[in-house]
Amino acid sequence: MNMSSSNIEYLLTAGDPSEVDALFAEARRLRDEVYGRRVFLRGLVEVSNHCLNNCLYCGIRRDMRCQRYRLTKEQILDCCRTGYGLVFRSFVLQGGEDAWMTDERVCDIVRSVKREFPDCAVTLSLGERGYESFARLREAGVDRYLLRHETADAGHYALLHPQEMSFDHRMQCLLDLRRLGFQVGCGFMVGSPGQTVETLKKDLAFIDEFRPEMVGIGPFIPAAGTPFENEPAGSVELTLRLLAIIRIIHPHVLLPATTALGTLHPTGRERAIRAGANVVMPNLSPQDTRALYSIYDNKLSTGSEAAETVADIRARMQAIGMEMPVDRGDFCLKQTP
Ligand code: 5AD
């Protein structure tokens with residue numbers, strides 16, 4: 001399928017449903033060619049909602065007067081134990097940029113998880129850090145790191161973030177992670193304030209060039225108490241088209257059907273899989289802290305988002321012809337024919 005700049009623009013805005021169906025079919029075909037009809041599970045553990053950043057969109061930004069928590073190593077290990085029993089072989093430890101999460105503490109947590117679950121992949125998503133810090137985490141056994149770039153346009157980045165945050169530093173982090181041998185995930189919100197077809201084209205060009213192992217995208221959802229609380233949510237439709245386009249420009253990428261999509265639409269995740277996604281990330285955080293990790297309003301954390309209902313997710317995936325293997329779900333380097 002033609003992925004020239006002008007055709008991408010056409011596909012993002014086309015009104016003809018048969019065009020969109022053809023786009024999704026092509027994305028599914030490429031996914032199935034590389035990974036088969038398989039959806040990979042990641043267990044998400046939200047380790048801390050303390051954050052020293054003040055991103056204008058985020059419900060756990062520094063200025064929010066919300067109850068803060070952080071999990072102990074034992075709590076984190078307990079989440080992983082629950083997950084392991086539920087067939088998870090990949091854990092994502094995600095949190096705000098929390099100064100308490102020193103290299104020493106994070107490395108200790110990672111080593112403990114790796115010791116107890118040597119057959120599992122450990123992914124961190126703890127925000128920006130320095131090269132030396134990333135190097136220590138890698139040394140401790142971290143396999144993957146997720147750091148959404150948020151937007152590949154410096155002007156748009158400045159609109160979403162306070163002045164003290166730097167677009168260049170964020171991009172540098174992604175390069176550092178790549179150089180250190182992590183499987184790297186970038187990504188962005190769909191429909192964030194100030195986003196245009198032009199900034200989206202830059203996001204896609206960046207993905208095409210950087211070739212990350214993972215890309216996380218989901219609709220922007222306003223969070224009460226943030227500067228963007230009255231902004232409209234991003235479009236589910238546009239998110240699905242972008243998922244398909246990303247699959248087509250980078251067929252090997254691991255592409256989650258994100259919680260934000262599931263939050264805005266009851267079958268959002270199934271629709272994402274239909275558009276070429278191949279990862280789901282149910283929440284393994286302790287029940288009593290889930291509500292506190294409220295990066296946006298009405299975030300799904302019960303029902304199908306709870307790990308306990310992994311059987312329900314499997315049934316939903318089977319209903320659309322997808323299996324959920326017991327597997328780390330590593331990036332696959334196999335060439336498409
Ligand atoms: N709506 C949707 N996604 C959000 N994120 C943060 N705030 C919001 C919001 N209001 C996303 C960001 C961040 C990831 C952890 O969650 O892209 O990188």
# chains A, B, ... in the order shown; residues from 1 in each chain; ligands from 1
>>> residues_around(residues="A:Arg328", least_positions_apart="2", cutoff="10 Å", atoms="only C-alpha atoms", output="list in words")
Phe40, Leu41, Arg42, Val87, Phe88, Arg89, Ser90, Phe91, Asp119, Cys120, Ala121, Val122, Pro325, Val326, Asp330 and Phe331 of chain A
>>> residues_near_ligand(ligand="ligand 1", cutoff="10 Å", atoms="only C-alpha atoms and all ligand atoms", output="tab-separated table (two decimals) with N, CA, C and O atoms, in the first residue's frame")
chain	number	residue	atom	x	y	z
A	55	CYS	N	3.75	17.97	33.00
A	55	CYS	CA	3.18	17.87	31.66
A	55	CYS	C	1.73	18.35	31.69
A	55	CYS	O	0.96	17.96	32.56
A	56	LEU	N	1.38	19.19	30.73
A	56	LEU	CA	0.08	19.88	30.83
A	56	LEU	C	-1.12	18.95	30.70
A	56	LEU	O	-2.21	19.27	31.16
A	57	TYR	N	-0.92	17.78	30.10
A	57	TYR	CA	-2.03	16.85	29.85
A	57	TYR	C	-2.25	15.83	30.95
A	57	TYR	O	-3.27	15.17	30.99
A	58	CYS	N	-1.28	15.68	31.84
A	58	CYS	CA	-1.24	14.46	32.67
A	58	CYS	C	-1.88	14.64	34.04
A	58	CYS	O	-1.59	15.60	34.76
A	59	GLY	N	-2.70	13.68	34.41
A	59	GLY	CA	-3.43	13.71	35.68
A	59	GLY	C	-2.59	13.43	36.91
A	59	GLY	O	-3.07	13.58	38.03
A	60	ILE	N	-1.34	13.03	36.73
A	60	ILE	CA	-0.46	12.88	37.92
A	60	ILE	C	0.70	13.87	37.85
A	60	ILE	O	1.76	13.66	38.44
A	61	ARG	N	0.51	14.98	37.11
A	61	ARG	CA	1.55	16.01	37.02
A	61	ARG	C	1.85	16.57	38.41
A	61	ARG	O	1.03	16.48	39.33
A	94	GLN	N	5.79	0.67	35.44
A	94	GLN	CA	5.60	2.04	34.95
A	94	GLN	C	5.35	2.98	36.13
A	94	GLN	O	4.72	2.60	37.10
A	95	GLY	N	5.84	4.21	36.00
A	95	GLY	CA	5.59	5.19	37.05
A	95	GLY	C	5.94	6.59	36.59
A	95	GLY	O	6.50	6.78	35.51
A	96	GLY	N	5.59	7.56	37.41
A	96	GLY	CA	6.00	8.94	37.15
A	96	GLY	C	7.50	9.07	37.32
A	96	GLY	O	8.18	8.11	37.72
A	125	SER	N	9.19	1.81	32.41
A	125	SER	CA	8.63	3.01	31.83
A	125	SER	C	8.58	4.04	32.96
A	125	SER	O	7.58	4.20	33.64
A	126	LEU	N	9.74	4.65	33.19
A	126	LEU	CA	9.92	5.53	34.35
A	126	LEU	C	10.37	6.92	33.92
A	126	LEU	O	10.93	7.68	34.72
A	127	GLY	N	10.19	7.23	32.66
A	127	GLY	CA	10.51	8.57	32.19
A	127	GLY	C	11.97	8.75	31.80
A	127	GLY	O	12.70	7.79	31.62
A	146	LEU	N	10.06	1.82	27.72
A	146	LEU	CA	9.03	2.60	27.01
A	146	LEU	C	9.16	4.05	27.40
A	146	LEU	O	9.15	4.39	28.59
A	147	LEU	N	9.28	4.90	26.41
A	147	LEU	CA	9.32	6.34	26.64
A	147	LEU	C	8.66	7.00	25.43
A	147	LEU	O	9.29	7.16	24.38
A	148	ARG	N	7.40	7.31	25.57
A	148	ARG	CA	6.72	7.95	24.44
A	148	ARG	C	7.40	9.27	24.11
A	148	ARG	O	7.72	10.03	25.03
A	149	HIS	N	7.60	9.53	22.82
A	149	HIS	CA	8.23	10.81	22.46
A	149	HIS	C	7.20	11.93	22.56
A	149	HIS	O	7.55	13.08	22.65
A	150	GLU	N	5.91	11.59	22.58
A	150	GLU	CA	4.74	12.48	22.74
A	150	GLU	C	4.42	13.30	21.48
A	150	GLU	O	3.27	13.48	21.14
A	151	THR	N	5.42	13.79	20.79
A	151	THR	CA	5.26	14.42	19.47
A	151	THR	C	6.65	14.61	18.89
A	151	THR	O	7.60	14.87	19.61
A	186	CYS	N	8.50	3.98	21.64
A	186	CYS	CA	8.15	5.40	21.66
A	186	CYS	C	6.63	5.48	21.47
A	186	CYS	O	5.95	4.46	21.55
A	187	GLY	N	6.12	6.68	21.23
A	187	GLY	CA	4.67	6.77	21.01
A	187	GLY	C	4.14	8.15	21.32
A	187	GLY	O	4.89	9.03	21.74
A	188	PHE	N	2.85	8.29	21.11
A	188	PHE	CA	2.24	9.62	21.27
A	188	PHE	C	0.75	9.47	21.51
A	188	PHE	O	0.17	8.41	21.28
A	189	MET	N	0.14	10.57	21.97
A	189	MET	CA	-1.31	10.60	22.13
A	189	MET	C	-1.92	11.08	20.83
A	189	MET	O	-1.35	11.91	20.13
A	190	VAL	N	-3.11	10.57	20.52
A	190	VAL	CA	-3.81	10.99	19.31
A	190	VAL	C	-4.84	12.04	19.72
A	190	VAL	O	-5.66	11.80	20.61
A	191	GLY	N	-4.77	13.22	19.08
A	191	GLY	CA	-5.71	14.28	19.41
A	191	GLY	C	-5.27	15.13	20.59
A	191	GLY	O	-6.10	15.78	21.23
A	192	SER	N	-3.98	15.14	20.87
A	192	SER	CA	-3.51	16.04	21.93
A	192	SER	C	-3.67	17.48	21.43
A	192	SER	O	-3.62	17.74	20.22
A	216	GLY	N	3.56	2.92	21.37
A	216	GLY	CA	2.32	3.05	22.14
A	216	GLY	C	1.56	4.29	21.72
A	216	GLY	O	2.06	5.41	21.86
A	217	ILE	N	0.37	4.09	21.14
A	217	ILE	CA	-0.46	5.26	20.87
A	217	ILE	C	-1.88	5.03	21.39
A	217	ILE	O	-2.40	3.92	21.37
A	218	GLY	N	-2.47	6.10	21.88
A	218	GLY	CA	-3.84	6.03	22.35
A	218	GLY	C	-4.42	7.43	22.30
A	218	GLY	O	-3.66	8.41	22.24
A	219	PRO	N	-5.74	7.53	22.30
A	219	PRO	CA	-6.34	8.86	22.25
A	219	PRO	C	-6.01	9.69	23.50
A	219	PRO	O	-5.93	9.15	24.61
A	220	PHE	N	-5.81	10.99	23.30
A	220	PHE	CA	-5.74	11.92	24.44
A	220	PHE	C	-7.10	11.92	25.13
A	220	PHE	O	-8.14	11.91	24.47
A	221	ILE	N	-7.09	11.89	26.46
A	221	ILE	CA	-8.33	11.96	27.24
A	221	ILE	C	-8.13	13.04	28.30
A	221	ILE	O	-7.16	12.97	29.07
A	222	PRO	N	-8.98	14.07	28.33
A	222	PRO	CA	-8.73	15.15	29.29
A	222	PRO	C	-8.77	14.65	30.74
A	222	PRO	O	-9.54	13.76	31.07
A	223	ALA	N	-7.92	15.23	31.56
A	223	ALA	CA	-7.86	14.87	32.98
A	223	ALA	C	-8.27	16.09	33.81
A	223	ALA	O	-7.70	17.17	33.63
A	224	ALA	N	-9.24	15.92	34.68
A	224	ALA	CA	-9.73	17.02	35.52
A	224	ALA	C	-8.59	17.58	36.36
A	224	ALA	O	-7.74	16.84	36.86
A	226	THR	N	-6.17	19.47	35.26
A	226	THR	CA	-4.99	19.80	34.45
A	226	THR	C	-5.33	21.00	33.56
A	226	THR	O	-6.51	21.30	33.34
A	228	PHE	N	-5.41	21.14	30.54
A	228	PHE	CA	-6.14	20.67	29.36
A	228	PHE	C	-7.47	20.01	29.72
A	228	PHE	O	-8.02	19.26	28.91
A	229	GLU	N	-7.99	20.30	30.91
A	229	GLU	CA	-9.19	19.56	31.36
A	229	GLU	C	-10.40	19.80	30.46
A	229	GLU	O	-11.28	18.94	30.38
A	231	GLU	N	-10.25	20.40	27.15
A	231	GLU	CA	-9.96	20.08	25.74
A	231	GLU	C	-10.72	18.81	25.35
A	231	GLU	O	-10.95	17.94	26.17
A	233	ALA	N	-11.48	15.10	23.80
A	233	ALA	CA	-10.72	13.84	23.71
A	233	ALA	C	-10.35	13.57	22.26
A	233	ALA	O	-11.00	14.06	21.33
A	234	GLY	N	-9.31	12.78	22.08
A	234	GLY	CA	-8.91	12.37	20.74
A	234	GLY	C	-9.90	11.38	20.15
A	234	GLY	O	-10.74	10.83	20.86
A	258	THR	N	-4.21	0.07	23.39
A	258	THR	CA	-3.98	0.70	24.69
A	258	THR	C	-5.24	0.83	25.54
A	258	THR	O	-6.36	0.78	25.05
A	259	THR	N	-5.00	1.02	26.84
A	259	THR	CA	-6.08	1.21	27.81
A	259	THR	C	-6.92	2.43	27.43
A	259	THR	O	-8.15	2.41	27.59
A	260	ALA	N	-6.26	3.48	26.93
A	260	ALA	CA	-7.00	4.70	26.59
A	260	ALA	C	-8.07	4.40	25.54
A	260	ALA	O	-9.18	4.93	25.60
A	261	LEU	N	-7.75	3.52	24.59
A	261	LEU	CA	-8.74	3.13	23.57
A	261	LEU	C	-9.88	2.35	24.20
A	261	LEU	O	-11.05	2.56	23.87
A	263	THR	N	-10.85	2.65	27.15
A	263	THR	CA	-11.61	3.57	28.00
A	263	THR	C	-12.65	4.34	27.19
A	263	THR	O	-13.76	4.57	27.64
A	294	SER	N	-4.19	7.93	38.05
A	294	SER	CA	-5.23	8.45	37.16
A	294	SER	C	-4.63	9.48	36.22
A	294	SER	O	-4.80	10.68	36.41
A	295	ILE	N	-3.90	9.00	35.21
A	295	ILE	CA	-3.29	9.94	34.26
A	295	ILE	C	-4.36	10.64	33.43
A	295	ILE	O	-4.13	11.70	32.90
A	296	TYR	N	-5.57	10.04	33.31
A	296	TYR	CA	-6.70	10.74	32.68
A	296	TYR	C	-7.98	10.23	33.33
A	296	TYR	O	-7.95	9.27	34.11
A	297	ASP	N	-9.11	10.89	33.00
A	297	ASP	CA	-10.37	10.58	33.69
A	297	ASP	C	-10.96	9.24	33.24
A	297	ASP	O	-10.84	8.86	32.08
A	299	LYS	N	-10.17	6.24	33.69
A	299	LYS	CA	-9.26	5.22	33.16
A	299	LYS	C	-9.75	3.83	33.58
A	299	LYS	O	-10.09	3.61	34.72
>>> select_by_dssp(residues="stretch 99-146 of chain A", states="alpha helix (DSSP H)", output="NGL selection string")
:A and (103-116 or 131-139)
>>> residues_around(residues="A:Glu116", least_positions_apart="2", cutoff="12 Å", atoms="only C-alpha atoms", output="MDAnalysis selection string")
chainID A and resid 74 76:78 80:81 84 89 109:114 118:122
>>> residues_around(residues="A:Ala99", least_positions_apart="4", cutoff="9 Å", atoms="only C-alpha atoms", output="list in words")
His50, Cys51 and Leu52 of chain A
>>> residues_around(residues="stretch 11-17 of chain A", least_positions_apart="3", cutoff="9 Å", atoms="only C-alpha atoms", output="PyMOL selection string")
chain A and resi 6-8+20-23+197+238+241-242+245
